[in-house]
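Peer 1: Okay, here's the structure, questions in a sec.
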4 protein chains.
Amino acid sequence: MLLQLRQNPNSHELESVLRLARELGYRVAVLGETRTLIELTGQGRPEHRSLFEDLPAVARVLESSGAPERHEKAGREQERPLRVRDAVFGCGSIALIAGPCAVEDPKLLLETARAVQAAGATLLRGGAFKPRTSPYSFQGSGEEGLGVLADVREAIGIGIATEVLDVRDVESVWKVADLLQVGSRNMHNSALLRELGRQEKPVLLKRGFAATVREFLLAAEFILAGGNEQVLLCERGIRGFDEVTRNVLDLGAMAYIQRVSHLPIVVDPSHAAGRADLVRPLARAGLAAGADGLIVEVHPAPATARCDGFQAISFAEFASVAADARAIAAMDGRKLSLPGGWRAGERARAQEPVA
Amino acid sequence: MLLQLRQNPNSHELESVLRLARELGYRVAVLGETRTLIELTGQGRPEHRSLFEDLPAVARVLESSGAPERHEKAGREQERPLRVRDAVFGCGSIALIAGPCAVEDPKLLLETARAVQAAGATLLRGGAFKPRTSPYSFQGSGEEGLGVLADVREAIGIGIATEVLDVRDVESVWKVADLLQVGSRNMHNSALLRELGRQEKPVLLKRGFAATVREFLLAAEFILAGGNEQVLLCERGIRGFDEVTRNVLDLGAMAYIQRVSHLPIVVDPSHAAGRADLVRPLARAGLAAGADGLIVEVHPAPATARCDGFQAISFAEFASVAADARAIAAMDGRKLSLPGGWRAGERARAQEPVA
Amino acid sequence: MLLQLRQNPNSHELESVLRLARELGYRVAVLGETRTLIELTGQGRPEHRSLFEDLPAVARVLESSGAPERHEKAGREQERPLRVRDAVFGCGSIALIAGPCAVEDPKLLLETARAVQAAGATLLRGGAFKPRTSPYSFQGSGEEGLGVLADVREAIGIGIATEVLDVRDVESVWKVADLLQVGSRNMHNSALLRELGRQEKPVLLKRGFAATVREFLLAAEFILAGGNEQVLLCERGIRGFDEVTRNVLDLGAMAYIQRVSHLPIVVDPSHAAGRADLVRPLARAGLAAGADGLIVEVHPAPATARCDGFQAISFAEFASVAADARAIAAMDGRKLSLPGGWRAGERARAQEPVA
Amino acid sequence: MLLQLRQNPNSHELESVLRLARELGYRVAVLGETRTLIELTGQGRPEHRSLFEDLPAVARVLESSGAPERHEKAGREQERPLRVRDAVFGCGSIALIAGPCAVEDPKLLLETARAVQAAGATLLRGGAFKPRTSPYSFQGSGEEGLGVLADVREAIGIGIATEVLDVRDVESVWKVADLLQVGSRNMHNSALLRELGRQEKPVLLKRGFAATVREFLLAAEFILAGGNEQVLLCERGIRGFDEVTRNVLDLGAMAYIQRVSHLPIVVDPSHAAGRADLVRPLARAGLAAGADGLIVEVHPAPATARCDGFQAISFAEFASVAADARAIAAMDGRKLSLPGGWRAGERARAQEPVA
């Protein structure tokens with residue numbers, strides 16, 4: 001590890017750094033004439049970088065490869081994909097998650113689940129608890145919505161990805177969800193992250209809309225440090241200064257994360273675009289840049305949706321997105337996860353090129 | 001209310017808007033040749049604007065003065081300041097909140113509390129539960145820290161402002177705090193906001209570091225809508241693209257909020273600057289722009305602080321900030337709240353001009 | 001056109017709007033009880049929207065389809081691609097521009113030009129005049145560099161894209177360039193844009209790194225309004241808050257522009273990424289999202305480049321990017337422009353799939 | 001100087017750094033086991049930091065105090081204020097620049113000049129050449145406007161601050177202006193900056209609306225390096241993500257600049273706010289944070305202004321801003337520059353406290 005101290009540290013500050021380094025078992029060298037660079041040698045642990053960063057005397061950690069954090073690729077023998085029922089994310093596999101913003105009517109949800117499954121989605125998204133900007137907006141159907149999700153899973157065997165907003169709901173959401181979602185607004189909610197670190201179930205962690213990459217990966221680290229290794233990241237756009245899209249999809253950050261972390265990452269083109277007509281190009285862009293999958297908002301009648309209707313795409317549009325996913329997977333020699341219940345015929349049709 | 005619909009709404013979409021308008025008791029006029037403008041006349045309620053904004057057919061609410069939300073100044077007879085023990089915020093009164101980032105050692109906290117009180121702070125800040133970016137950083141001393149805060153309040157009669165991170169901790173924090181703080185990372189945590197809406201205790205709501213003004217005011221609305229009218233807002237800087245400061249203090253937003261909302265608002269120069277040497281100029285700027293108070297990080301030995309040490313100022317520096325507050329209050333004919341226990345002599349000295 | 005006035009306009013302000021509307025030949029209707037909406041009917045001209053936006057009484061133009069600006073798709077009969085020698089941009093054609101940041105050594109430039117041409121680039125990029133952040137950085141080789149570019153064009157028949165920074169250099173750059181580039185830092189330089197509006201030569205206009213989409217399109221409008229219709233837009237990333245990439249590639253904005261404007265648009269993954277290892281994924285993303293081409297920095301020995309060496313890719317990496325471009329074009333049924341001088345064999349090899 | 005190299009530099013890359021260091025006369029030490037830190041000892045020159053930053057092998061310059069750039073405070077014996085006729089900026093002096101966005105009618109300009117001078121402004125602002133977002137907006141009255149400015153100066157002896165947009169106009173603007181303004185959109189226009197570096201006249205350099213502090217200071221360095229030492233910086237707000245204000249006034253950056261640079265800096269509350277009702281609080285904030293002056297848009301009838309009318313304040317409002325400036329200057333023991341032509345009575349009145 002290599003630390004840069006703030007300018008002109010006094011002996012007290014310098015000592016605070018040296019003391020911690022020795023406590024953690026590092027050999028220490030103070031470099032340079034100004035004595036503001038500290039080189040630590042030895043075997044570090046995931047906790048160490050943060051401990052040094054927290055010292056007021058440390059301006060920044062210039063290099064930390066000796067003490068990789070749990071999300072880091074460095075030092076891991078082999079990467080494994082994340083499996084959530086039929087869906088496989090990472091290591092050459094792509095999977096599609098699709099469904100409405102919120103659980104509304106049971107019939108509509110079942111219809112939607114059937115449609116997205118028929119197009120190739122292996123997981124159904126849909127919120128029973130919805131994080132909303134206004135207290136007066138529809139906040140989701142709660143426990144009742146969870147029941148509806150459970151019924152759909154029972155009916156057609158599709159896995160469920162749904163959001164948990166409140167630590168007190170983790171248990172009830174856990175019973176229904178195959179993939180527990182942490183939304184963008186809750187990426188910094190450490191109480192919730194810590195609770196999910198104690199579960200034995202995959203977590204879909206969305207990037208905060210103004211989170212740096214490091215903050216995003218440290219949010220994942222909260223879950224990993226708790227013992228839950230099943231984390232699926234999601235890039236869903238960051239806040240920009242323009243209004244033509246709701247957010248700015250940050251594919252550079254996604255590609256960077258794929259270089260430094262072993263965690264799989266999917267792209268959410270719906271929240272990035274915030275408008276249905278731009279979902280497909282952003283979905284294509286995400287997959288072409290290397291995303292391990294997509295999560296897309298689909299609604300049978302977007303104009304009547306109780307939330308995010310303007311950005312939901314129709315069944316037909318989702319079929320096009322799924323066809324793009326097959327084409328891009330084929331181009332790259334990657335494998336698109338297919339629903340387990342697919343008959344041979346569907347499977348065959350799905351492999352055909354689509355206009 | 002005046003609504004703009006999205007371009008070329010079909011009859012179904014148009015009808016969804018008209019139906020809701022009639023349900024809520026408005027007289028409706030469809031304006032213009034393209035029929036994309038809807039004028040609603042009648043007495044509205046705080047909930048209505050959000051209900052219309054949620055309709056997919058509505059592009060935006062152009063004007064909503066007929067249905068003011070609870071945070072709005074419009075339609076209120078008279079504004080009242082917010083009182084938290086000796087501190088009075090708003091309506092010509094300013095108050096200072098000061099203390100360390102986190103509760104650490106009991107002696108140090110008492111020493112700090114005495115120092116900031118002597119300088120003129122009426123509330124002590126200090127976190128027992130700390131929201132941190134890394135799971136490996138010091139997360140606060142928890143329940144033990146709450147006990148330390150309670151002891152200091154008992155000892156010198158200073159009010160306590162402390163953060164609550166987890167809905168499950170609201171009760172225990174409630175017992176100790178005079179002002180329950182929601183941090184920037186939790187501004188979007190609707191479960192927590194809703195819980196605080198049920199309390200009868202003042203809430204300090206910090207702006208999310210990438211929240212729009214409307215999102216900030218709607219976060220306050222979650223608390224107000226729950227029945228708790230004691231909300232103190234805090235502008236603490238937004239995320240920028242430069243690294244010379246930790247955040248960018250958005251005084252334009254603060255001044256705007258003072259024009260549209262009846263809620264008092266304080267400024268946090270410490271998190272905005274992220275470095276001790278810029279805290280004083282930003283504190284001065286905030287008060288000169290009209291802030292109803294300050295919340296400042298102060299530590300007896302910043303170099304040893306367990307969190308945010310680089311941005312904490314010393315006792316002497318805080319005394320200068322407090323002197324600035326007196327001078328600016330005097331310049332504006334505003335009143336700086338003073339600690340109740342101050343002796344006459346202190347009070348006299350505090351009124352003197354300071355170099 | 002549909003205008004929203006600022007709240008409570010006085011009669012004087014209202015009259016300023018009505019007067020301009022009548023002068024420009026519109027029929028006018030004042031809508032709504034608050035009289036803050038103005039509907040204008042009649043045939044408008046490209047200038048009109050801006051004229052109304054400039055009136056202090058006008059809060060915003062809600063709808064302007066009756067007076068499309070020159071960059072808009074609305075009202076145009078048919079779109080045509082932009083041809084620059086062998087390169088064709090738009091209407092189903094893709095082309096690649098590649099080369100070094102700056103013109104350095106004549107031999108290296110020729111070597112680079114040959115390599116990128118062999119891989120499929122139809123235009124060579126390379127700056128003789130370089131916009132730099134520091135006055136002490138290499139500012140380009142100037143007139144001498146232009147001569148080197150001219151020699152390379154003469155030698156291998158590749159078209160030249162090069163930047164013009166100063167209005168006084170337009171004439172000399174004009175003589176050498178097939179495509180006159182306006183860099184991101186100069187997108188707001190109206191003197192330069194106006195000068196280029198008077199030229200009969202294609203212009204590559206890069207988006208300012210913090211320009212809104214509307215500002216970007218109005219920068220193009222400066223050129224179009226001057227009579228030069230050959231404008232090629234370029235999305236090259238916007239300034240973000242993170243440092244893992246130099247900029248954030250805004251493909252949502254690009255896709256939006258393709259829906260509203262008839263101007264072709266390319267993507268610059270090099271300046272977006274700011275690091276060689278992320279250029280290829282962003283290039284793929286751009287093309288998959290629908291970009292009409294790419295502009296990429298390529299250098300024979302990036303480690304020795306006199307500017308932007310860290311983001312330049314090698315010849316081999318560019319060959320992979322070009323292979324991606326062929327594959328994505330094939331997937332979409334689009335046509336990749338190929339260098340005119342290509343022998344049949346090269347052409348055949350270039351069409352083969354690449355690992 | 002202390003350099004951090006990029007990870008795993010090859011011997012070629014390392015050598016490029018060592019060679020430059022030796023050429024520039026530094027003693028060189030390679031620090032640490034990974035050999036990615038280079039310490040340079042010796043007397044450096046302003047050019048050196050940029051030269052090292054441009055090397056692809058250099059990740060960043062960690063410390064450069066041995067080679068201060070021309071804008072830096074470090075190594076300068078004594079700071080001097082910048083004088084522009086009656087205005088004195090810096091070193092305890094404050095001055096006010098005020099006037100309309102653009103030169104329009106001669107009578108109105110004279111009226112405005114008299115009003116702002118009477119309130120205490122020592123320089124008149126007003127653009128003859130206007131940088132506009134749209135080619136269809138009023139672009140200023142050009143040479144004719146310069147003549148009007150010259151007449152006003154002649155008539156009442158007020159100094160003139162006016163913008164130059166085009167290198168070809170420098171000479172004609174030079175004849176009229178006492179302070180040559182570079183607008184925010186042109187901060188990156190190095191051709192213009194270099195031209196102004198050759199003039200013997202003060203330059204007002206506005207920060208680009210998305211420029212980092214370092215980019216801003218290096219833009220000033222272009223002028224300083226050319227030999228013109230009379231540079232006045234201006235913080236005028238950066239682009240944010242919210243629309244309640246036009247920009248976000250970055251007073252943290254301003255206060256930081258005052259710590260690291262000897263250049264005086266003023267604040268432009270008008271462009272920061274973008275709305276008249278927030279100009280005064282931001283002006284107060286800027287001065288309280290330590291700004292060396294203000295530049296404010298004032299118009300006799302904002303509703304009829306041909307540009308930026310919505311953000312211009314009235315004569316009466318400017319009088320309040322000027323009164324604030326006197327009060328804050330008095331509070332700080334600073335001196336507000338007063339117009340030379342002021343009669344004793346005016347001077348006396350201006351010193352009185354104002355409600």
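Chains: A, B, ... in order of the structure tokens. Residues: from 1 per chain. Ligands: from 1, in order shown.
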For the strand (DSSP E) assignment from backbone DSSP, which residues of stretch 82-128 of chain A qualify? Please present them as a list in words.
Peer 2: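 Answer for stretch 82-128 of chain A, restricted to strand (DSSP E): Leu82, Arg83, Val84, Ala87, Val88, Phe89, Ser93, Ile94, Ala95, Leu96, Ile97, Ala98, Gly99, Leu123, Leu124 and Arg125 of chain A.
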Peer 1: Any chance you could export the current selection's N, CA, C and O atoms as a JSON list (two decimals), in the first residue's frame?
Peer 2:
```
[["chain", "number", "residue", "atom", "x", "y", "z"],
["A", 82, "LEU", "N", -23.10, -15.44, -11.54],
["A", 82, "LEU", "CA", -24.14, -15.45, -10.53],
["A", 82, "LEU", "C", -25.39, -16.09, -11.12],
["A", 82, "LEU", "O", -25.88, -15.66, -12.17],
["A", 83, "ARG", "N", -25.90, -17.12, -10.46],
["A", 83, "ARG", "CA", -27.09, -17.82, -10.95],
["A", 83, "ARG", "C", -28.29, -17.45, -10.08],
["A", 83, "ARG", "O", -28.23, -17.53, -8.86],
["A", 84, "VAL", "N", -29.37, -17.06, -10.74],
["A", 84, "VAL", "CA", -30.62, -16.79, -10.05],
["A", 84, "VAL", "C", -31.70, -17.54, -10.82],
["A", 84, "VAL", "O", -32.16, -17.10, -11.86],
["A", 87, "ALA", "N", -31.60, -17.66, -14.66],
["A", 87, "ALA", "CA", -30.72, -16.58, -15.13],
["A", 87, "ALA", "C", -29.28, -16.81, -14.70],
["A", 87, "ALA", "O", -29.02, -17.19, -13.56],
["A", 88, "VAL", "N", -28.38, -16.57, -15.64],
["A", 88, "VAL", "CA", -26.95, -16.64, -15.34],
["A", 88, "VAL", "C", -26.32, -15.32, -15.76],
["A", 88, "VAL", "O", -26.45, -14.92, -16.93],
["A", 89, "PHE", "N", -25.65, -14.66, -14.83],
["A", 89, "PHE", "CA", -25.05, -13.35, -15.09],
["A", 89, "PHE", "C", -23.53, -13.45, -15.00],
["A", 89, "PHE", "O", -22.99, -13.81, -13.96],
["A", 93, "SER", "N", -22.14, -15.17, -19.80],
["A", 93, "SER", "CA", -23.60, -15.35, -19.85],
["A", 93, "SER", "C", -24.32, -14.04, -19.61],
["A", 93, "SER", "O", -23.87, -13.21, -18.81],
["A", 94, "ILE", "N", -25.42, -13.90, -20.30],
["A", 94, "ILE", "CA", -26.26, -12.71, -20.23],
["A", 94, "ILE", "C", -27.66, -13.15, -19.82],
["A", 94, "ILE", "O", -28.11, -14.22, -20.23],
["A", 95, "ALA", "N", -28.36, -12.34, -19.05],
["A", 95, "ALA", "CA", -29.75, -12.66, -18.75],
["A", 95, "ALA", "C", -30.59, -11.40, -18.74],
["A", 95, "ALA", "O", -30.06, -10.31, -18.51],
["A", 96, "LEU", "N", -31.89, -11.58, -18.99],
["A", 96, "LEU", "CA", -32.80, -10.43, -19.08],
["A", 96, "LEU", "C", -33.81, -10.46, -17.93],
["A", 96, "LEU", "O", -34.44, -11.49, -17.65],
["A", 97, "ILE", "N", -33.97, -9.31, -17.30],
["A", 97, "ILE", "CA", -34.96, -9.11, -16.24],
["A", 97, "ILE", "C", -35.95, -8.09, -16.79],
["A", 97, "ILE", "O", -35.53, -7.05, -17.31],
["A", 98, "ALA", "N", -37.24, -8.39, -16.71],
["A", 98, "ALA", "CA", -38.20, -7.45, -17.29],
["A", 98, "ALA", "C", -39.51, -7.51, -16.53],
["A", 98, "ALA", "O", -39.83, -8.51, -15.87],
["A", 99, "GLY", "N", -40.26, -6.43, -16.62],
["A", 99, "GLY", "CA", -41.56, -6.37, -15.98],
["A", 99, "GLY", "C", -41.94, -4.94, -15.67],
["A", 99, "GLY", "O", -41.21, -4.01, -16.02],
["A", 123, "LEU", "N", -36.18, -13.49, -15.49],
["A", 123, "LEU", "CA", -36.63, -12.97, -14.20],
["A", 123, "LEU", "C", -37.66, -11.88, -14.45],
["A", 123, "LEU", "O", -37.53, -11.10, -15.41],
["A", 124, "LEU", "N", -38.66, -11.83, -13.57],
["A", 124, "LEU", "CA", -39.69, -10.80, -13.64],
["A", 124, "LEU", "C", -39.39, -9.72, -12.62],
["A", 124, "LEU", "O", -39.17, -10.02, -11.45],
["A", 125, "ARG", "N", -39.36, -8.46, -13.05],
["A", 125, "ARG", "CA", -39.21, -7.38, -12.09],
["A", 125, "ARG", "C", -40.59, -6.81, -11.79],
["A", 125, "ARG", "O", -41.52, -6.93, -12.60]]
```
Peer 1: If you count only C-alpha atoms, which residues fall within 6 Å of D:Leu205, apart from same-chain ones fewer than 5 positions away, as a list in words?
Peer 2: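 The contact residues come out as Val182, Leu233 and Cys234 of chain D.
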Peer 1: Include N, CA and C atoms and write out the residues we just selected as an mmCIF file, in the first residue's frame.
Peer 2:
```cif
data_model
loop_
_atom_site.group_PDB
_atom_site.id
_atom_site.type_symbol
_atom_site.label_atom_id
_atom_site.label_comp_id
_atom_site.auth_asym_id
_atom_site.auth_seq_id
_atom_site.Cartn_x
_atom_site.Cartn_y
_atom_site.Cartn_z
ATOM 1 N N VAL D 182 -13.296 38.488 -20.745
ATOM 2 C CA VAL D 182 -13.414 37.193 -21.425
ATOM 3 C C VAL D 182 -14.574 36.468 -20.767
ATOM 4 N N LEU D 233 -9.959 37.676 -11.821
ATOM 5 C CA LEU D 233 -10.778 36.479 -12.010
ATOM 6 C C LEU D 233 -12.234 36.770 -11.646
ATOM 7 N N CYS D 234 -13.130 35.962 -12.138
ATOM 8 C CA CYS D 234 -14.547 36.107 -11.798
ATOM 9 C C CYS D 234 -15.223 34.743 -11.675
#
```
Peer 1: Determine, using only C-alpha atoms, which residues of chain A have any atom at most 10 Å from an atom of chain D, and tabulate each with its shortest atom pair and distance in Å to one decimal place, rows ordered by chain and then rising number, as a tab-separated table.
Peer 2:
```
residue	atom	partner	partner_atom	distance
A:Leu2	CA	D:Gly32	CA	8.8
A:Gln4	CA	D:Leu62	CA	8.4
A:Gln7	CA	D:Glu63	CA	8.9
A:Ala29	CA	D:Gly32	CA	8.2
A:Val30	CA	D:Gly32	CA	9.1
A:Leu31	CA	D:Leu31	CA	6.4
A:Gly32	CA	D:Glu39	CA	6.7
A:Glu33	CA	D:Glu39	CA	8.2
A:Thr34	CA	D:Glu39	CA	9.6
A:Thr36	CA	D:Glu63	CA	9.9
A:Leu37	CA	D:Leu37	CA	9.1
A:Ile38	CA	D:Gly32	CA	8.9
A:Glu39	CA	D:Gly32	CA	6.7
A:Leu40	CA	D:Gly32	CA	9.6
A:Thr41	CA	D:Glu33	CA	9.0
A:Leu62	CA	D:Gln4	CA	8.4
A:Glu63	CA	D:Gln7	CA	8.9
A:Arg239	CA	D:Phe241	CA	7.2
A:Gly240	CA	D:Phe241	CA	6.0
A:Phe241	CA	D:Phe241	CA	4.4
A:Asp242	CA	D:Phe241	CA	7.4
A:Glu243	CA	D:Phe241	CA	9.1
```
Peer 1: Any idea what's packed within 12 Å of C:Asn186, counting only C-alpha atoms, ignoring anything in its chain fewer than 2 positions away? Could you give it as a PyMOL selection string?
Peer 2: (chain C and resi 130-132+163-167+181-184+188-193+204-211+216+219) or (chain D and resi 165+184-192+208)
Peer 1: Pull N, CA and C atoms from the residues just selected and write them as a short mmCIF file (atom, residue, chain, number, x, y, z; two decimals), in the first residue's frame.
Peer 2:
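So the final result, stored in result_30.cif, reads:
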```cif
data_model
loop_
_atom_site.label_atom_id
_atom_site.label_comp_id
_atom_site.auth_asym_id
_atom_site.auth_seq_id
_atom_site.Cartn_x
_atom_site.Cartn_y
_atom_site.Cartn_z
N LYS C 130 -3.61 22.57 -31.55
CA LYS C 130 -4.20 21.81 -30.44
C LYS C 130 -4.70 22.73 -29.34
N PRO C 131 -5.94 22.56 -28.92
CA PRO C 131 -6.43 23.32 -27.77
C PRO C 131 -5.94 22.64 -26.50
N ARG C 132 -5.20 23.34 -25.68
CA ARG C 132 -4.65 22.71 -24.48
C ARG C 132 -5.06 23.48 -23.24
N GLU C 163 -8.50 20.11 -36.76
CA GLU C 163 -9.18 21.14 -35.99
C GLU C 163 -8.71 22.54 -36.36
N VAL C 164 -9.68 23.45 -36.30
CA VAL C 164 -9.34 24.87 -36.44
C VAL C 164 -9.74 25.55 -35.13
N LEU C 165 -8.79 26.30 -34.57
CA LEU C 165 -8.98 26.90 -33.25
C LEU C 165 -9.22 28.40 -33.32
N ASP C 166 -8.70 29.01 -34.37
CA ASP C 166 -8.63 30.46 -34.42
C ASP C 166 -9.24 30.89 -35.75
N VAL C 167 -10.13 31.86 -35.68
CA VAL C 167 -10.76 32.33 -36.93
C VAL C 167 -9.73 32.73 -37.98
N GLN C 181 -12.66 20.50 -38.11
CA GLN C 181 -13.15 20.14 -36.79
C GLN C 181 -13.23 21.34 -35.84
N VAL C 182 -14.38 21.43 -35.13
CA VAL C 182 -14.51 22.37 -34.02
C VAL C 182 -14.48 21.54 -32.75
N GLY C 183 -13.51 21.80 -31.89
CA GLY C 183 -13.35 20.99 -30.69
C GLY C 183 -14.37 21.35 -29.62
N SER C 184 -14.41 20.50 -28.61
CA SER C 184 -15.38 20.66 -27.53
C SER C 184 -15.24 22.01 -26.84
N HIS C 188 -18.80 26.74 -28.06
CA HIS C 188 -19.52 27.99 -27.76
C HIS C 188 -18.86 29.20 -28.43
N ASN C 189 -17.84 28.98 -29.25
CA ASN C 189 -17.11 30.09 -29.87
C ASN C 189 -17.88 30.54 -31.11
N SER C 190 -18.79 31.48 -30.90
CA SER C 190 -19.71 31.84 -31.99
C SER C 190 -19.00 32.52 -33.15
N ALA C 191 -17.90 33.21 -32.86
CA ALA C 191 -17.15 33.85 -33.96
C ALA C 191 -16.64 32.77 -34.92
N LEU C 192 -16.12 31.70 -34.36
CA LEU C 192 -15.60 30.61 -35.18
C LEU C 192 -16.74 29.89 -35.92
N LEU C 193 -17.82 29.64 -35.20
CA LEU C 193 -18.95 28.94 -35.84
C LEU C 193 -19.49 29.76 -37.01
N LEU C 204 -17.02 19.17 -38.62
CA LEU C 204 -17.25 18.22 -37.52
C LEU C 204 -17.37 19.03 -36.25
N LEU C 205 -18.56 19.06 -35.67
CA LEU C 205 -18.81 19.90 -34.50
C LEU C 205 -18.93 19.01 -33.27
N LYS C 206 -17.95 19.14 -32.37
CA LYS C 206 -18.00 18.35 -31.14
C LYS C 206 -18.84 19.04 -30.09
N ARG C 207 -19.56 18.25 -29.33
CA ARG C 207 -20.37 18.80 -28.25
C ARG C 207 -19.49 19.36 -27.15
N GLY C 208 -19.81 20.54 -26.68
CA GLY C 208 -19.12 21.08 -25.51
C GLY C 208 -19.26 20.11 -24.36
N PHE C 209 -18.24 20.01 -23.53
CA PHE C 209 -18.27 18.95 -22.51
C PHE C 209 -19.28 19.22 -21.40
N ALA C 210 -19.89 20.39 -21.42
CA ALA C 210 -20.98 20.61 -20.47
C ALA C 210 -22.15 21.29 -21.17
N ALA C 211 -22.25 21.07 -22.47
CA ALA C 211 -23.33 21.70 -23.23
C ALA C 211 -24.59 20.86 -23.16
N PHE C 216 -26.03 22.44 -27.97
CA PHE C 216 -25.26 21.75 -29.01
C PHE C 216 -25.93 21.96 -30.37
N ALA C 219 -25.52 25.43 -31.58
CA ALA C 219 -24.17 25.67 -32.11
C ALA C 219 -24.13 25.23 -33.58
N LEU D 165 -15.00 39.00 -27.96
CA LEU D 165 -15.37 37.64 -28.33
C LEU D 165 -14.46 37.05 -29.38
N SER D 184 -17.54 33.52 -19.93
CA SER D 184 -17.47 32.13 -19.49
C SER D 184 -17.33 31.16 -20.67
N ARG D 185 -18.05 31.42 -21.76
CA ARG D 185 -18.01 30.53 -22.92
C ARG D 185 -16.65 30.56 -23.61
N ASN D 186 -15.85 31.61 -23.35
CA ASN D 186 -14.57 31.73 -24.03
C ASN D 186 -13.38 31.45 -23.12
N MET D 187 -13.65 30.98 -21.91
CA MET D 187 -12.52 30.76 -20.99
C MET D 187 -11.52 29.76 -21.57
N HIS D 188 -12.02 28.82 -22.40
CA HIS D 188 -11.14 27.82 -22.99
C HIS D 188 -10.60 28.25 -24.37
N ASN D 189 -10.90 29.47 -24.79
CA ASN D 189 -10.48 29.94 -26.12
C ASN D 189 -9.04 30.43 -26.05
N SER D 190 -8.12 29.50 -26.27
CA SER D 190 -6.71 29.82 -26.02
C SER D 190 -6.18 30.86 -27.00
N ALA D 191 -6.73 30.90 -28.21
CA ALA D 191 -6.27 31.92 -29.16
C ALA D 191 -6.55 33.31 -28.61
N LEU D 192 -7.73 33.48 -28.03
CA LEU D 192 -8.11 34.78 -27.46
C LEU D 192 -7.27 35.10 -26.22
N GLY D 208 -15.10 29.37 -16.80
CA GLY D 208 -15.97 28.57 -17.64
C GLY D 208 -17.01 27.89 -16.77
#
```
Peer 1: Name the residues of stretch 45-140 of chain D that fall into helix (DSSP H, G or I) according to DSSP on the backbone, using the chain letters and numbers of this document, as a PyMOL selection string.
Peer 2: chain D and resi 48-53+106-119
Peer 1: Counting only C-alpha atoms, figure out which residue out of B:Pro68, B:Pro81, B:Pro339, B:Gly42 gets nearest to B:Val231.
Peer 2: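 For B:Val231, the nearest of the candidates is B:Pro81.
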Peer 1: Could you work out how far atom CA of D:Gly286 lies from atom CA of B:Ala285, giving the answer in Å with one decimal?
Peer 2: 6.4 Å
Peer 1: Considering only C-alpha atoms, return as a list in words whatever protein or nucleic-acid residues lie within 12 Å of C:Arg153, sequence-local ones (same chain, fewer than 5 positions apart) excluded.
Peer 2: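 Close residues of C:Arg153: Arg85, Pro106, Leu109, Leu110, Ala113, Arg114, Gln117, Thr122, Leu123, Leu124, Arg125, Gly126, Leu146, Gly147, Val148, Ile158, Gly159, Ile160, Ala161, Lys175, Val176, Ala177 and Asp178 of chain C.
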Peer 1: Neighbouring residues of C:Glu79 were defined as those with any atom within 9 Å, considering only C-alpha atoms; residues of the same chain fewer than 4 positions away were excluded. Please report them as a compact mmCIF listing (two decimals) with N, CA, C and O atoms, in the first residue's frame.
Peer 2:
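Now in part15.txt:
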```
# COMPACT_ATOMS: atom_id res chain seq x y z
N LYS C 73 -35.41 17.75 -37.80
CA LYS C 73 -35.90 16.79 -38.77
C LYS C 73 -37.28 17.23 -39.28
O LYS C 73 -37.61 17.07 -40.46
N GLY C 90 -24.45 8.53 -42.02
CA GLY C 90 -25.89 8.68 -41.88
C GLY C 90 -26.69 7.94 -42.94
O GLY C 90 -26.14 7.42 -43.91
N CYS C 91 -28.02 7.85 -42.70
CA CYS C 91 -28.93 7.18 -43.64
C CYS C 91 -28.46 5.75 -43.90
O CYS C 91 -28.46 5.29 -45.05
N HIS C 262 -31.85 15.99 -38.34
CA HIS C 262 -31.43 15.27 -39.55
C HIS C 262 -29.92 15.22 -39.68
O HIS C 262 -29.40 14.60 -40.60
N LEU C 263 -29.21 15.84 -38.76
CA LEU C 263 -27.75 15.86 -38.87
C LEU C 263 -27.16 14.53 -38.42
O LEU C 263 -27.57 13.97 -37.40
```
Peer 1: Do a neighbour search on B:Gln43 at 12 Å with only C-alpha atoms, toss out local chain neighbours closer than 5 positions, and write the hits as a VMD selection string.
Peer 2: chain B and resid 1 21 24 to 27 48 64 to 68 75
